[in-house]
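Working notes, structure below.
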Amino acid sequence: MNKKYIIRKNEEIQKIIKKSKKIINKYFIIYYSSNSYNYNRYCISVSKKIGKAHVRNLYKRRIKDILIKNSINFSKDYVIILRVNILTLTYAQIRDNLMKILKGENR
């Protein structure tokens with residue numbers, strides 16, 4: 001994922017969380033708000049409850065891969081927080097759940 005699509009600054013993340021809408025389901029908590037760019041930006045957060053560093057990085061890579069392969073452009077900022085229940089899903093199930101949420105909230 002290109003660096004321009006990633007939100008890293010804590011101030012930006014906190015602003016999105018405080019002043020945005022959110023979607024909660026069994027596997028994700030997603031905060032989103034509009035941005036002034038012509039592309040989406042993402043922050044992916046994985047709790048230590050999910051596992052050790054290599055497990056957390058695996059799930060971050062999976063989410064990034066899903067977002068790259070299924071390019072959706074709504075000019076929004078997303079903070080995606082993974083929940084512990086995501087450990088029970090396969091890659092295909094994660095993709096289906098995430099895409100359903102992201103495409104559903106933009107209708």
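FYI, nothing fancy with the structure tokens labels: chains A, B, ... in order, residues from 1 per chain, ligands from 1 as they appear.
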
Find the nearest atom pair between each residue of region 32-67 of chain A and region 87-101 of chain A for residues within 8 Å, count only C-alpha atoms, give distances in Å to one decimal, sort rows by chain and ascending number, and present the table as CSV.
```
residue,atom,partner,partner_atom,distance
A:Ile50,CA,A:Leu87,CA,7.3
A:Arg62,CA,A:Tyr91,CA,7.2
A:Ile63,CA,A:Arg95,CA,7.8
A:Ile66,CA,A:Arg95,CA,6.1
```

Selection export as a tab-separated table (two decimals), in the first residue's frame, atoms kept: N, CA and C atoms:
```tsv
chain	number	residue	atom	x	y	z
A	50	ILE	N	-5.15	-9.85	20.11
A	50	ILE	CA	-5.23	-10.73	18.94
A	50	ILE	C	-4.07	-11.70	18.92
A	62	ARG	N	-3.18	-8.75	5.64
A	62	ARG	CA	-4.39	-9.25	4.98
A	62	ARG	C	-5.36	-8.11	4.68
A	63	ILE	N	-5.57	-7.25	5.67
A	63	ILE	CA	-6.50	-6.13	5.47
A	63	ILE	C	-5.97	-5.20	4.37
A	66	ILE	N	-6.56	-6.77	0.99
A	66	ILE	CA	-7.98	-6.68	0.60
A	66	ILE	C	-8.30	-5.28	0.10
```

Report as an mmCIF file with all heavy atoms, in the first residue's frame all protein, DNA and RNA residues lying within 7 Å of region 19-33 of chain A, evaluated on only C-alpha atoms, omitting residues in the same chain fewer than 6 positions from it.
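The result, stored in selection35.cif:
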```
data_model
loop_
_atom_site.group_PDB
_atom_site.id
_atom_site.type_symbol
_atom_site.label_atom_id
_atom_site.label_comp_id
_atom_site.auth_asym_id
_atom_site.auth_seq_id
_atom_site.Cartn_x
_atom_site.Cartn_y
_atom_site.Cartn_z
ATOM 1 N N LYS A 76 -12.629 9.126 1.531
ATOM 2 C CA LYS A 76 -12.871 9.073 2.969
ATOM 3 C C LYS A 76 -11.620 8.624 3.703
ATOM 4 O O LYS A 76 -10.735 8.014 3.129
ATOM 5 C CB LYS A 76 -14.010 8.118 3.289
ATOM 6 C CG LYS A 76 -15.333 8.572 2.725
ATOM 7 C CD LYS A 76 -16.466 7.838 3.322
ATOM 8 C CE LYS A 76 -17.741 8.268 2.635
ATOM 9 N NZ LYS A 76 -18.663 8.900 3.497
ATOM 10 N N ASP A 77 -11.588 8.949 4.987
ATOM 11 C CA ASP A 77 -10.558 8.449 5.893
ATOM 12 C C ASP A 77 -11.178 7.349 6.728
ATOM 13 O O ASP A 77 -12.288 7.513 7.252
ATOM 14 C CB ASP A 77 -10.055 9.553 6.817
ATOM 15 C CG ASP A 77 -9.251 10.606 6.083
ATOM 16 O OD1 ASP A 77 -8.696 10.290 5.022
ATOM 17 O OD2 ASP A 77 -9.160 11.732 6.592
ATOM 18 N N TYR A 78 -10.483 6.237 6.872
ATOM 19 C CA TYR A 78 -10.980 5.099 7.641
ATOM 20 C C TYR A 78 -9.996 4.734 8.742
ATOM 21 O O TYR A 78 -8.796 4.672 8.494
ATOM 22 C CB TYR A 78 -11.152 3.868 6.752
ATOM 23 C CG TYR A 78 -12.246 3.982 5.725
ATOM 24 C CD1 TYR A 78 -11.965 4.372 4.423
ATOM 25 C CD2 TYR A 78 -13.560 3.671 6.053
ATOM 26 C CE1 TYR A 78 -12.962 4.471 3.476
ATOM 27 C CE2 TYR A 78 -14.566 3.761 5.105
ATOM 28 C CZ TYR A 78 -14.260 4.167 3.825
ATOM 29 O OH TYR A 78 -15.252 4.260 2.892
ATOM 30 N N VAL A 79 -10.513 4.488 9.925
ATOM 31 C CA VAL A 79 -9.747 3.870 11.002
ATOM 32 C C VAL A 79 -10.402 2.520 11.228
ATOM 33 O O VAL A 79 -11.561 2.441 11.648
ATOM 34 C CB VAL A 79 -9.765 4.714 12.296
ATOM 35 C CG1 VAL A 79 -9.054 3.982 13.408
ATOM 36 C CG2 VAL A 79 -9.124 6.064 12.049
ATOM 37 N N ILE A 80 -9.680 1.448 10.916
ATOM 38 C CA ILE A 80 -10.209 0.094 11.004
ATOM 39 C C ILE A 80 -9.558 -0.584 12.202
ATOM 40 O O ILE A 80 -8.343 -0.758 12.236
ATOM 41 C CB ILE A 80 -9.918 -0.694 9.715
ATOM 42 C CG1 ILE A 80 -10.544 0.023 8.517
ATOM 43 C CG2 ILE A 80 -10.435 -2.127 9.833
ATOM 44 C CD1 ILE A 80 -10.129 -0.544 7.176
ATOM 45 N N ILE A 81 -10.373 -0.952 13.169
ATOM 46 C CA ILE A 81 -9.891 -1.629 14.366
ATOM 47 C C ILE A 81 -10.380 -3.068 14.310
ATOM 48 O O ILE A 81 -11.585 -3.317 14.171
ATOM 49 C CB ILE A 81 -10.403 -0.928 15.646
ATOM 50 C CG1 ILE A 81 -9.950 0.531 15.644
ATOM 51 C CG2 ILE A 81 -9.917 -1.665 16.887
ATOM 52 C CD1 ILE A 81 -10.569 1.366 16.727
ATOM 53 N N LEU A 82 -9.451 -4.004 14.413
ATOM 54 C CA LEU A 82 -9.806 -5.423 14.351
ATOM 55 C C LEU A 82 -10.159 -5.921 15.742
ATOM 56 O O LEU A 82 -9.508 -5.573 16.722
ATOM 57 C CB LEU A 82 -8.638 -6.240 13.793
ATOM 58 C CG LEU A 82 -8.097 -5.804 12.436
ATOM 59 C CD1 LEU A 82 -7.005 -6.751 11.994
ATOM 60 C CD2 LEU A 82 -9.176 -5.729 11.408
ATOM 61 N N ARG A 83 -11.170 -6.760 15.816
ATOM 62 C CA ARG A 83 -11.584 -7.350 17.082
ATOM 63 C C ARG A 83 -11.102 -8.795 17.169
ATOM 64 O O ARG A 83 -10.756 -9.412 16.168
ATOM 65 C CB ARG A 83 -13.099 -7.275 17.197
ATOM 66 C CG ARG A 83 -13.596 -5.829 17.145
ATOM 67 C CD ARG A 83 -15.065 -5.733 17.232
ATOM 68 N NE ARG A 83 -15.399 -5.486 18.631
ATOM 69 C CZ ARG A 83 -16.638 -5.342 19.062
ATOM 70 N NH1 ARG A 83 -17.641 -5.432 18.221
ATOM 71 N NH2 ARG A 83 -16.869 -5.109 20.330
ATOM 72 N N ASN A 85 -12.519 -11.615 17.537
ATOM 73 C CA ASN A 85 -13.269 -12.640 16.799
ATOM 74 C C ASN A 85 -12.758 -12.847 15.380
ATOM 75 O O ASN A 85 -13.103 -13.832 14.733
ATOM 76 C CB ASN A 85 -14.753 -12.282 16.754
ATOM 77 C CG ASN A 85 -15.385 -12.360 18.115
ATOM 78 O OD1 ASN A 85 -14.931 -13.106 18.978
ATOM 79 N ND2 ASN A 85 -16.413 -11.567 18.350
ATOM 80 N N ILE A 86 -11.923 -11.949 14.886
ATOM 81 C CA ILE A 86 -11.407 -12.083 13.525
ATOM 82 C C ILE A 86 -10.496 -13.301 13.387
ATOM 83 O O ILE A 86 -10.285 -13.816 12.297
ATOM 84 C CB ILE A 86 -10.699 -10.797 13.083
ATOM 85 C CG1 ILE A 86 -10.642 -10.740 11.566
ATOM 86 C CG2 ILE A 86 -9.302 -10.698 13.665
ATOM 87 C CD1 ILE A 86 -10.590 -9.375 11.001
#
```

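When CA of Ser36 (chain A) is paired with CA of Arg61 (chain A), their separation reads 26.2 Å.
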
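Minimum atom-to-atom distance to Ile6 (chain A), evaluated using only C-alpha atoms, belongs to A:Lys64 out of A:Lys48, A:Arg56, A:Lys18, A:Lys64.
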
List the neighbours of Lys49 (chain A) out to 9 Å using only C-alpha atoms; skip same-chain residues closer than 3 positions along the sequence, and give me the result as number ranges by chain. A: 46, 52, 83-84

Output C-alpha atoms of each residue in that selection to a file, as a PDB file, in the first residue's frame.
```
ATOM      1  CA  VAL A  46      -4.755  -4.426  15.846  1.00  0.00           C
ATOM      2  CA  LYS A  52       1.904 -11.699  19.231  1.00  0.00           C
ATOM      3  CA  ARG A  83     -11.584  -7.350  17.082  1.00  0.00           C
ATOM      4  CA  VAL A  84     -10.544 -10.671  18.626  1.00  0.00           C
TER       5      VAL A  84
END
```

Could you pull out the residues in chain A that DSSP calls strand (DSSP E) from the backbone, as a PyMOL selection string? chain A and resi 21-24+28-34+41-46+76-82

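Interatomic distance, CA of Ser71 (chain A) against CA of Asn2 (chain A): 12.7 Å.
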
As a VMD selection string, please: all residues of chain A that backbone DSSP puts in alpha helix (DSSP H). chain A and resid 10 to 18 53 to 69 91 to 104
